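Colleague: So here's model_10.txt (compact mmCIF, C-alpha atoms).
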```txt
# COMPACT_ATOMS: atom_id res chain seq x y z
CA MET T 1 -21.06 -9.03 51.16
CA VAL T 2 -19.91 -10.92 48.12
CA TYR T 3 -18.25 -7.82 46.70
CA PHE T 4 -16.53 -7.16 50.02
CA ILE T 5 -15.16 -10.69 50.00
CA PHE T 6 -14.00 -10.12 46.45
CA ILE T 7 -12.13 -6.95 47.48
CA THR T 8 -10.43 -8.65 50.43
CA PHE T 9 -9.40 -11.59 48.30
CA PHE T 10 -8.02 -9.12 45.78
CA CYS T 11 -5.91 -7.52 48.53
CA LEU T 12 -4.75 -10.96 49.73
CA VAL T 13 -3.61 -12.19 46.34
CA GLY T 14 -2.20 -8.79 45.35
CA GLY T 15 -0.13 -8.54 48.52
CA LEU T 16 1.29 -12.01 48.01
CA ALA T 17 2.05 -11.19 44.37
CA VAL T 18 4.09 -8.25 45.66
CA VAL T 19 5.92 -10.59 48.05
CA ALA T 20 6.52 -13.15 45.32
CA CYS T 21 7.98 -10.86 42.67
CA ASN T 22 11.28 -10.33 44.49
CA PRO T 23 11.32 -6.66 45.47
CA SER T 24 13.51 -5.28 48.22
CA PRO T 25 12.64 -6.74 51.62
CA TYR T 26 11.04 -3.48 52.74
CA PHE T 27 8.32 -3.80 50.14
CA GLY T 28 8.07 -7.53 50.66
CA ALA T 29 7.31 -7.02 54.35
CA ALA T 30 4.74 -4.34 53.47
CA GLY T 31 3.03 -6.70 51.02
CA LEU T 32 2.91 -9.45 53.62
CA VAL T 33 1.34 -7.06 56.15
CA LEU T 34 -1.32 -6.12 53.58
CA SER T 35 -2.11 -9.73 52.75
CA SER T 36 -2.25 -10.83 56.38
CA VAL T 37 -4.72 -8.06 57.22
CA ALA T 38 -6.79 -9.21 54.25
CA ALA T 39 -6.54 -12.81 55.47
CA CYS T 40 -7.89 -11.79 58.88
CA THR T 41 -10.83 -10.11 57.16
CA VAL T 42 -11.52 -13.17 55.05
CA VAL T 43 -11.55 -15.46 58.08
CA VAL T 44 -13.91 -13.06 59.91
CA GLU T 45 -16.28 -13.06 56.96
CA PHE T 46 -16.39 -16.81 56.98
CA GLY T 47 -17.23 -16.93 60.66
CA GLY T 48 -14.00 -17.64 62.48
CA SER T 49 -13.70 -14.54 64.60
CA PHE T 50 -11.60 -16.03 67.40
CA VAL T 51 -9.21 -17.71 64.99
CA SER T 52 -8.92 -14.43 63.11
CA LEU T 53 -8.15 -12.57 66.32
CA ILE T 54 -5.42 -15.09 67.14
CA LEU T 55 -3.99 -14.66 63.64
CA PHE T 56 -4.03 -10.89 63.98
CA LEU T 57 -2.39 -10.84 67.40
CA ILE T 58 0.24 -13.50 66.84
CA TYR T 59 1.04 -12.86 63.21
CA LEU T 60 0.89 -9.09 62.93
CA GLY T 61 1.72 -8.28 66.52
CA GLY T 62 4.45 -10.80 67.07
CA MET T 63 6.02 -12.23 63.99
CA LEU T 64 5.83 -9.41 61.50
CA VAL T 65 7.37 -6.96 63.96
CA VAL T 66 10.37 -9.27 64.19
CA PHE T 67 10.40 -9.60 60.42
CA ALA T 68 10.30 -5.84 59.94
CA TYR T 69 13.16 -5.56 62.38
CA SER T 70 15.16 -8.21 60.57
CA VAL T 71 14.67 -6.48 57.25
CA ALA T 72 17.17 -3.93 58.55
CA LEU T 73 19.84 -6.64 58.25
CA ALA T 74 19.13 -6.88 54.53
CA SER T 75 19.14 -3.19 53.80
CA ASP T 76 19.70 -2.09 50.25
CA PRO T 77 21.13 1.32 49.46
CA PHE T 78 18.77 1.59 46.49
CA PRO T 79 15.58 -0.32 47.28
CA GLU T 80 13.73 -1.57 44.24
CA GLY T 81 9.96 -1.69 44.29
CA ILE T 82 7.63 -3.00 41.66
CA TRP T 83 8.33 0.00 39.45
CA ASP T 84 11.77 -1.35 38.62
CA MET T 85 12.28 -3.39 35.50
CA SER T 86 13.05 -6.87 36.81
CA VAL T 87 10.54 -6.77 39.63
CA GLY T 88 7.84 -5.30 37.42
CA ALA T 89 8.37 -8.02 34.83
CA TYR T 90 7.87 -10.71 37.48
CA PHE T 91 4.83 -8.89 38.84
CA THR T 92 3.22 -8.69 35.42
CA GLY T 93 4.04 -12.32 34.79
CA TYR T 94 2.40 -13.40 38.03
CA LEU T 95 -0.69 -11.33 37.27
CA VAL T 96 -0.97 -12.88 33.81
CA PHE T 97 -0.61 -16.33 35.37
CA LEU T 98 -3.29 -15.49 37.90
CA VAL T 99 -5.75 -14.19 35.34
CA GLY T 100 -5.17 -17.25 33.19
CA PHE T 101 -5.66 -19.54 36.19
CA LEU T 102 -8.94 -17.81 37.00
CA ALA T 103 -10.08 -17.90 33.39
CA VAL T 104 -9.38 -21.60 33.01
CA PHE T 105 -10.64 -22.88 36.35
CA GLY T 106 -12.93 -20.08 37.52
CA GLY T 107 -15.73 -20.72 35.13
CA ASP T 108 -18.47 -18.18 34.61
CA SER T 109 -19.52 -18.00 38.24
CA PHE T 110 -16.67 -15.88 39.41
CA PHE T 111 -18.45 -12.83 40.73
CA TYR T 112 -21.53 -14.27 42.34
CA ASN T 113 -20.74 -17.70 43.68
CA PHE T 114 -18.30 -17.33 46.54
CA GLY T 115 -19.74 -20.17 48.55
CA VAL T 116 -20.41 -18.17 51.72
CA ILE T 117 -22.18 -20.70 53.88
CA GLY T 118 -20.07 -20.35 56.97
CA SER T 119 -21.33 -20.42 60.50
CA GLU T 120 -21.31 -16.63 60.53
CA ALA T 121 -23.34 -16.39 57.37
CA SER T 122 -26.08 -18.73 58.58
CA GLY T 123 -27.51 -16.67 61.40
CA PHE T 124 -27.01 -15.37 64.89
CA ASN T 125 -25.20 -17.51 67.44
CA VAL T 126 -24.67 -17.15 71.16
CA VAL T 127 -21.47 -19.20 71.30
CA ARG T 128 -19.29 -19.14 68.23
CA GLY T 129 -18.16 -22.42 66.77
CA ASP T 130 -14.46 -21.72 66.83
CA PHE T 131 -14.58 -20.65 70.47
CA GLU T 132 -15.82 -24.13 71.34
CA GLY T 133 -13.31 -25.76 69.06
CA VAL T 134 -10.32 -23.94 70.48
CA SER T 135 -11.44 -24.81 73.99
CA LEU T 136 -10.91 -28.46 73.01
CA LEU T 137 -7.22 -27.67 73.15
CA TYR T 138 -7.47 -27.39 76.92
CA GLY T 139 -9.50 -30.53 77.39
CA LEU T 140 -9.46 -33.60 75.21
CA GLY T 141 -6.77 -32.18 72.98
CA GLY T 142 -4.35 -31.42 75.76
CA ALA T 143 -1.66 -33.52 74.13
CA GLY T 144 -1.60 -31.07 71.22
CA LEU T 145 -1.10 -28.19 73.62
CA VAL T 146 1.79 -30.02 75.29
CA ILE T 147 3.37 -30.76 71.91
CA CYS T 148 3.06 -27.11 70.84
CA GLY T 149 4.61 -25.87 74.07
CA TRP T 150 7.43 -28.36 73.75
CA GLY T 151 8.05 -27.18 70.18
CA LEU T 152 8.24 -23.56 71.26
CA LEU T 153 10.63 -24.44 74.08
CA LEU T 154 12.80 -26.40 71.64
CA THR T 155 12.78 -23.40 69.27
CA LEU T 156 14.13 -21.21 72.05
CA PHE T 157 17.18 -23.42 72.45
CA VAL T 158 17.60 -23.81 68.68
CA VAL T 159 17.65 -20.02 68.27
CA LEU T 160 20.06 -19.58 71.14
CA GLU T 161 22.36 -22.20 69.69
CA LEU T 162 22.24 -20.77 66.17
CA THR T 163 23.00 -17.22 67.18
CA ARG T 164 25.62 -18.06 69.76
CA GLY T 165 28.43 -16.71 67.62
CA MET T 166 32.14 -16.90 68.36
CA SER T 167 33.38 -20.41 67.71
CA ARG T 168 30.68 -22.50 69.31
CA GLY T 169 27.57 -21.63 67.36
CA GLY T 170 25.77 -23.82 64.88
CA LEU T 171 26.83 -21.62 61.96
CA ARG T 172 30.30 -20.13 62.01
CA VAL T 173 33.15 -18.88 59.95
CA ILE T 174 35.30 -21.80 58.89
CA MET G 175 -14.46 -25.27 42.17
CA THR G 176 -15.76 -22.22 43.94
CA PRO G 177 -13.81 -18.96 43.56
CA THR G 178 -12.91 -19.09 47.24
CA ASN G 179 -11.10 -22.38 46.79
CA LEU G 180 -9.54 -21.12 43.62
CA LEU G 181 -8.17 -17.94 45.15
CA MET G 182 -6.73 -19.83 48.12
CA TYR G 183 -4.97 -22.28 45.83
CA SER G 184 -3.67 -19.43 43.72
CA THR G 185 -2.41 -17.68 46.86
CA PHE G 186 -0.44 -20.77 47.85
CA SER G 187 0.90 -21.32 44.35
CA LEU G 188 1.96 -17.67 44.03
CA SER G 189 3.96 -17.97 47.24
CA ILE G 190 5.61 -21.21 46.23
CA PHE G 191 6.48 -19.78 42.80
CA GLY G 192 8.02 -16.77 44.45
CA LEU G 193 10.02 -18.98 46.79
CA SER G 194 11.33 -21.20 44.04
CA MET G 195 12.03 -18.89 41.13
CA HIS G 196 14.28 -15.95 41.85
CA ARG G 197 15.35 -14.82 45.27
CA SER G 198 18.14 -12.43 46.04
CA HIS G 199 17.68 -12.02 49.79
CA LEU G 200 17.25 -14.74 52.38
CA VAL G 201 14.71 -12.65 54.25
CA SER G 202 12.44 -12.42 51.23
CA ALA G 203 12.54 -16.19 50.89
CA LEU G 204 11.41 -16.36 54.51
CA LEU G 205 8.62 -13.91 53.69
CA CYS G 206 7.46 -16.24 50.92
CA ILE G 207 7.38 -19.16 53.36
CA GLU G 208 5.27 -17.00 55.66
CA GLY G 209 2.92 -16.36 52.76
CA MET G 210 2.52 -20.11 52.23
CA MET G 211 1.70 -20.49 55.90
CA LEU G 212 -0.88 -17.73 55.62
CA ALA G 213 -2.57 -19.51 52.71
CA LEU G 214 -2.67 -22.80 54.66
CA PHE G 215 -4.06 -20.99 57.69
CA ILE G 216 -6.96 -19.37 55.89
CA THR G 217 -7.66 -22.61 54.01
CA SER G 218 -8.09 -24.58 57.23
CA ALA G 219 -9.95 -21.75 58.99
CA THR G 220 -12.51 -21.38 56.22
CA LEU G 221 -12.78 -25.17 55.97
CA LEU G 222 -13.83 -25.44 59.58
CA SER G 223 -16.36 -22.65 59.37
CA THR G 224 -17.82 -23.69 56.03
CA THR G 225 -18.34 -27.30 57.06
CA GLN G 226 -19.20 -26.23 60.63
CA THR G 227 -16.83 -28.81 62.06
CA THR G 228 -15.99 -27.00 65.25
CA SER G 229 -13.60 -29.62 66.55
CA LEU G 230 -11.24 -28.68 63.72
CA ALA G 231 -10.74 -25.21 65.19
CA ALA G 232 -7.61 -26.21 67.06
CA THR G 233 -5.88 -27.02 63.77
CA PRO G 234 -5.13 -23.40 62.67
CA ILE G 235 -3.88 -22.58 66.15
CA ILE G 236 -1.46 -25.50 66.12
CA LEU G 237 -0.38 -24.56 62.60
CA LEU G 238 0.26 -21.00 63.75
CA THR G 239 2.35 -22.25 66.66
CA PHE G 240 4.59 -24.33 64.45
CA SER G 241 4.90 -21.51 61.95
CA ALA G 242 6.08 -19.30 64.79
CA CYS G 243 8.72 -21.93 65.51
CA GLU G 244 9.69 -21.92 61.83
CA ALA G 245 9.88 -18.13 61.67
CA GLY G 246 12.04 -18.00 64.76
CA THR G 247 14.46 -20.56 63.40
CA GLY G 248 14.58 -18.85 60.00
CA LEU G 249 15.31 -15.48 61.50
CA ALA G 250 18.01 -17.00 63.68
CA LEU G 251 19.59 -18.41 60.52
CA LEU G 252 19.31 -14.94 58.99
CA VAL G 253 21.11 -13.36 61.92
CA ALA G 254 23.80 -16.03 61.89
CA THR G 255 24.29 -15.57 58.14
CA ALA G 256 24.53 -11.83 58.50
CA ARG G 257 27.20 -12.40 61.14
CA THR G 258 29.33 -14.83 59.24
CA HIS G 259 28.89 -13.52 55.70
CA GLY G 260 28.24 -9.83 56.25
CA ASN G 261 24.97 -9.79 54.31
CA ASP G 262 22.18 -12.18 53.46
CA HIS G 263 22.39 -12.47 49.70
CA LEU G 264 21.73 -16.00 48.58
CA GLN G 265 24.51 -15.75 46.02
CA ASN G 266 27.04 -15.39 48.80
CA LEU G 267 25.94 -18.60 50.45
CA ASN G 268 27.27 -20.55 47.47
CA LEU G 269 30.80 -19.38 48.00
CA LEU G 270 33.18 -21.97 49.32
CA GLN G 271 35.18 -19.58 51.41
CA CYS G 272 33.63 -16.76 53.30
```
Now that the file is in, can you turn its structure into structure tokens?
Modeller:
Amino acid sequence: MVYFIFITFFCLVGGLAVVACNPSPYFGAAGLVLSSVAACTVVVEFGGSFVSLILFLIYLGGMLVVFAYSVALASDPFPEGIWDMSVGAYFTGYLVFLVGFLAVFGGDSFFYNFGVIGSEASGFNVVRGDFEGVSLLYGLGGAGLVICGWGLLLTLFVVLELTRGMSRGGLRVI
Amino acid sequence: MTPTNLLMYSTFSLSIFGLSMHRSHLVSALLCIEGMMLALFITSATLLSTTQTTSLAATPIILLTFSACEAGTGLALLVATARTHGNDHLQNLNLLQC
């Protein structure tokens, strides 16, 4: 289990290193997909299965599809991956930074002390903890639900106003 | 510091380095912001399951909602920039006249 967590964390950090080292947006979107799948796995291993399902559905199913569509607006004729010189230099630099960070702060307990004492790791449950917690959003925490819905409704009008075009939009040719 | 904490912090710091250092496309800057949101999400989700504080479980959901708002607004800015400037290179946004 500890080695599996190590592998998924490796995928998470590696995918975000690919995003961070400024490749073409195609490869950046692919790296973000890899790291979000790894993040779902990490959250499942720590016992938040419902939260992980929400992350998977909303993030991969909703937002990243729109991102992958929008990458077409930023198309390069010659896409540069991490094998190119500038991107590869950044990638190597980030990996060196990461290894140094782990060597300074990680200590000697890096491979065997992942701190897995989540609610999943402590036994068998009938009702998961995060199921109960999310159900608070429909009871005592109803104000949070209202605020979230209001934010999404506001975002709809913000997006409509920004992409209006012609001479009335929020962003226009001078 | 356990390695789990350490890797989450390094995930967040990698994303914020990538956002701040050298970006050529606006959409890859937005991808870095999404990476920061992902790091915050897994930090709060593992916090609630490690400490078994189940009433915290609404926090990642609310965070995900607001990040969806942020992603929608960012992509709308991307579309508007591609309309007015022709592409989304961040160098072009510094020009005084389009």
Colleague: What gap, in Å, lies between CA of Leu252 (chain G) and CA of Leu64 (chain T)?
Modeller: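 Calculated distance between CA of Leu252 (chain G) and CA of Leu64 (chain T) is 14.8 Å.
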Colleague: Any chance you could tabulate, as a tab-separated table, the residues of chain G at most 8 Å from chain T with each one's nearest atom pair and distance in Å to one decimal, using all atoms listed in the file, in chain and rising number order?
Modeller:
```
residue	atom	partner	partner_atom	distance
G:Met175	CA	T:Gly106	CA	7.1
G:Thr176	CA	T:Phe114	CA	6.1
G:Pro177	CA	T:Phe114	CA	5.6
G:Thr178	CA	T:Phe114	CA	5.7
G:Leu180	CA	T:Gly106	CA	7.1
G:Leu181	CA	T:Phe9	CA	7.2
G:Ser184	CA	T:Leu98	CA	7.0
G:Thr185	CA	T:Val13	CA	5.6
G:Leu188	CA	T:Ala17	CA	6.5
G:Ser189	CA	T:Ala20	CA	5.8
G:Phe191	CA	T:Ala20	CA	7.1
G:Gly192	CA	T:Ala20	CA	4.0
G:Leu193	CA	T:Ala20	CA	7.0
G:His196	CA	T:Asn22	CA	6.9
G:Arg197	CA	T:Asn22	CA	6.1
G:Ser198	CA	T:Asn22	CA	7.3
G:His199	CA	T:Ala74	CA	7.1
G:Val201	CA	T:Pro25	CA	6.8
G:Ser202	CA	T:Pro25	CA	5.7
G:Leu205	CA	T:Ala29	CA	7.0
G:Cys206	CA	T:Ala20	CA	6.5
G:Gly209	CA	T:Leu16	CA	6.6
G:Leu212	CA	T:Ser36	CA	7.1
G:Ile216	CA	T:Val43	CA	6.4
G:Ala219	CA	T:Val43	CA	6.6
G:Thr220	CA	T:Phe46	CA	6.0
G:Ser223	CA	T:Gly118	CA	5.0
G:Thr224	CA	T:Gly118	CA	4.1
G:Thr225	CA	T:Gly118	CA	7.2
G:Gln226	CA	T:Ser119	CA	6.2
G:Thr228	CA	T:Gly133	CA	4.8
G:Ser229	CA	T:Gly133	CA	4.6
G:Leu230	CA	T:Gly133	CA	6.4
G:Ala231	CA	T:Gly133	CA	4.7
G:Ala232	CA	T:Val134	CA	4.9
G:Pro234	CA	T:Val51	CA	7.4
G:Ile235	CA	T:Val51	CA	7.3
G:Ile236	CA	T:Cys148	CA	6.7
G:Leu238	CA	T:Leu55	CA	7.6
G:Thr239	CA	T:Cys148	CA	6.4
G:Phe240	CA	T:Cys148	CA	7.1
G:Ala242	CA	T:Met63	CA	7.1
G:Cys243	CA	T:Thr155	CA	5.7
G:Ala245	CA	T:Met63	CA	7.4
G:Gly246	CA	T:Val159	CA	6.9
G:Thr247	CA	T:Val159	CA	5.8
G:Leu249	CA	T:Ser70	CA	7.3
G:Ala250	CA	T:Val159	CA	5.5
G:Leu251	CA	T:Leu162	CA	6.7
G:Val253	CA	T:Thr163	CA	6.8
G:Ala254	CA	T:Thr163	CA	5.5
G:Thr255	CA	T:Leu171	CA	7.6
G:Ala256	CA	T:Leu73	CA	7.0
G:Arg257	CA	T:Gly165	CA	7.9
G:Thr258	CA	T:Val173	CA	5.6
G:Asn261	CA	T:Ala74	CA	6.5
G:Asp262	CA	T:Ala74	CA	6.2
G:Gln271	CA	T:Ile174	CA	7.8
G:Cys272	CA	T:Val173	CA	7.0
```
Colleague: Distance CA of Ser187 (chain G)-CA of Thr227 (chain G), one decimal place?
Modeller: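 These atoms are spaced 26.2 Å apart.
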Colleague: Box for region 235-242 of chain G: with edges along x, y and z, all listed atoms inside and 5 Å added on each side, what are the centre and edge lengths in Å to one decimal, as AutoDock Vina command-line options?
Modeller:
```
--center_x 1.1 --center_y -22.4 --center_z 64.3 --size_x 20.0 --size_y 16.2 --size_z 14.7
```
Colleague: For CA of Leu60 (chain T) and CA of Val37 (chain T), determine how far apart the two atoms are, in Å to one decimal place.
Modeller: 8.1 Å
Colleague: I'd like to know which of G:Ser194, G:His263, G:Tyr183, G:Leu221 is closest to Ile207 (chain G), using only C-alpha atoms.
Modeller: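 Among the listed residues, the smallest separation from Ile207 (chain G) belongs to G:Ser194.
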